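Structure record follows, encoded as structure tokens.
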Amino acid sequence: MKTLTHILLLVIITTTFNCKNDTKKEITTTTITETNVKPTPTKSSLKIIPISHATMVLETENETIYVDPTGGSEAFEGQKTPTLVLVTDIHGDHLNLETLEGIDMSKATLIAPAAVVEKLSNSIASKIITLKNDDSFNIEGINIKAIPMYNLREEALKFHTKGRGNGYLLTVNDERIYISGDTEDIPEMRNLKNIDIAFVCMNLPYTMPVESAASAVLDFKPKKVYPYHYRGTEGLSDINKFKALVNEGDKSIEVIFLDWY
């Protein structure tokens, strides 16, 4: 009888232990499954519309961004009304008062460096924000940081002095978009990190040669780079050479050509 009792007790203990293990195993499996669930990556909703030279329209789901609007109101026929306008510098291929006065700026916030804002009337946009180099501003979920833009070569220092103009770094839906403005391959460009899309200038004598632009791109390694602002006094820069130099150095960087001219 005592032996039978021991056997029954052993069966009960074993059954209980196995049930506990089964329960624990089920919970553990469920927890691992939930922890490893990954959200579906969000596809970029940015639409890029080249207008001319340094002028473009960037469309997001909720915002329409005009960059350096020039060419008169007719250059923007068929485009959505801007909600945000970025101006990089005082030169006529970036700041054009006739264009700004001709397009509908009634819903737009205009962001520019002080040298540009000084040339604007207060009524030109619904709101005007002055950013100096390294300043940031947030609007409707978009973070805008002013990045320095300036010349390095001795013969070009007169064109763009440090501190006068702004390049821009936009963060839109977790995408980081760099717009160089008129600059050379400055340390502030080379030291950029985690750039998804870059618009990089390359024209002489005003900014930099394609070799310098390619060298800088190979340093900061954007996922995609768009050559823009590449018309100089001697015609158009060799963007095919730029692409070749970039891809010789890093095949993972996608060089994309748009119809700027």
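Ordering of the structure tokens sets the chain letters (A, B, ...); residue numbers start at 1 within each chain; ligands are numbered from 1 in the order shown.
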Problem - Shell of 10 Å around Lys241 in chain A, only C-alpha atoms, local chain residues under 5 positions omitted, as a ChimeraX atom specification - result: /A:210-211,214,246-247
Handout entry: Selected residue of minimal separation from Tyr206 in chain A among A:Glu101, A:Glu63, A:Asp134, A:Asp93, counting only C-alpha atoms
Key = A:Asp93
Exercise for the section: Could you check which of A:Asn203, A:Ser45, A:Thr130, A:Asn173 is closest to Asn151 in chain A, using only C-alpha atoms? Expected result: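 For Asn151 in chain A, the nearest of the given residues is A:Asn203.
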Exercise for the section: Using DSSP on the backbone coordinates, identify all residues within range 43-215 of chain A classified as alpha helix (DSSP H); present the result as a PyMOL selection string. Expected result: chain A and resi 97-102+114-117+187-190+210-215
Handout entry: Selection: 12 Å around Phe76 in chain A, only C-alpha atoms, excl. self and same-chain fewer than 3 positions, as a PyMOL selection string
Key = chain A and resi 49-52+55-57+64-67+69-73+79-82+99-100+102-104
Problem - Residue nearest Arg231 in chain A - candidates A:Asn96, A:Asn133, A:Ser180, A:Thr207, atoms counted: only C-alpha atoms - result: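 Ranking A:Asn96, A:Asn133, A:Ser180, A:Thr207 by distance to Arg231 in chain A, first place goes to A:Thr207.
If only C-alpha atoms are the atoms counted, then among A:Val85, A:Ala115, A:Ile177, A:Ile186 the closest residue to Ile139 in chain A is A:Val85.
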